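Here's the structure, in structure tokens; my notes come after.
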Amino acid sequence: MEDANIELIFIPAAGVGHLVSALQTAKLLLQRQPQLSITVLMMKLSFAPDANINSYIDSLLAGDKDMNPRLKFVLLPEDLEALKGHTDILSMFKAFIESQKAIVRDYCVNEIRKSSAKRLAGFVVDMLCTSMMDVAEEFGVPTYVFYPPGASMLGLQFHLQTLVDDHGEDASEFKDSDPDLNIPTHSKPFPVKLLPKVWAEFFETSRQIRRAKGIIVNTFFDLERHALESLSNDKRVPPIYPVGPILNLDHHPKKNQQDSVNHILKWLDDQPDSSVVFLCFGSVATFPESQLKEIAYALESSGQRFLWTLRKPPGPGSIIATEYSNLEEVLPEGFLERTKNIGKVIGWAPQTAVLAHPAVGGFVSHCGWNSALESIWFGVPMAAWPIGSDQQAHAFVLVRDIGMAVEIKMDYRTDSRDPTIHLPIVPENVSAKEIEMGITSLMDRSTTNPIRIKAKELKEKSRKALEEGGSSFNFLESFIENVMNNLN
């Protein structure tokens, strides 16, 4: 084997969905190019602590005997002084990233530039860390952007930035009654009410991404063909490398979670194939008690078998959802007893293990992009119930463009368009009837159900994309060739 003398610096964002997919991409690159080594510079956010991400980072730093020796992890120190005077999460995050630039610069000087055995070929930075491009330029190397949310969202982001820069139209000022948007990367008009919240930094990030030498996107060609072709035809967009689906299917639960995993999977083992609807809204999203009751009424009325992950809203001063100590306090009286033969309510769930189980026939989801890709990988159709951030945009694509999901409530939103507001908006409850209709449509197991047909089709295509000769396999080869050419 040739010496691994070519170095890439990865700078992922400090969030599970971003970090995990970035690391899986790094591992793929190392498998395909023996001359390559990768250093991952990791950040912990003390001002927005996430037990899941911090424990994950700690496990990486502790080392794994199965880890590729050419993959190195470095935890960057935090400059707490830089955060003083900032009162909201958005400004704190921006100040935090800016403070990390000097630390990244020093690391590269001391560890990379001083090593005669290593040649720095470039930076791969998360979409939320694009200001690190300034550091790459100081070292005379290009930057590639890692974009986890998918090609349609990338196209939407570019479109909103173009509206501001070329036409003076700020999407943050659009009203729900405004006409739908015609976005080049979307095959159908996009409703204004589903736009993600935007602010000045959103537009600046889009401009920075356009400066990159290439954009790695966690998607695959047959999933977002229209969006990818549109981006490729836009001369103002850097080369796109759709190398997905990038998933972490080898996640091993902690020791204190193994009993829960076994209990959940044992319950699923006792259910008929494709009979269970799985409800899971990510590690952060929670509902008020009144909405939980509507979900419970819907599940009971539908008569469907169900596995429902239910999270408790975070306490004062925290952003982390927790577990209920007594579910009966927030669910309708007698619900657990009446549904004990067909349903199970849990806290944390091993999502990929559940989606992989043959008993699961439908997934009610917040439409985070990683969750959508996992659902696609296992061929499980979805019901879209986004909560906030970019999830409404993903829901629209899954329901209207891709056609593998039904809608429960696409414009449900608990986040605010004003990033300085700390308290979430509590929208009107989605009624039990609306939820039941969505679940019933999702769990229609007839052979003519279009979302079930599409889910099966995409499952096969997602796997072929990663095989030798598949679209994602070939795009990864193209990316590696581009990186290697930096040294010529």
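Chain labels A, B, ... are given in the sequence in which chains occur in the structure tokens; within each chain residues are numbered consecutively from 1, and ligands are likewise numbered from 1 in the order shown.
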Item to check | Residues flagged alpha helix (DSSP H) by DSSP in segment 195-415 of chain A, as an MDAnalysis selection string | outcome: chainID A and resid 200:210 225:232 255:269 289:302 335:338 351:356 369:377 391:396
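Closest approach to Ile408 of chain A from the set A:Thr25, A:Thr309, A:Ser365, A:Asn482 is made by A:Ser365, with distances taken over only C-alpha atoms.
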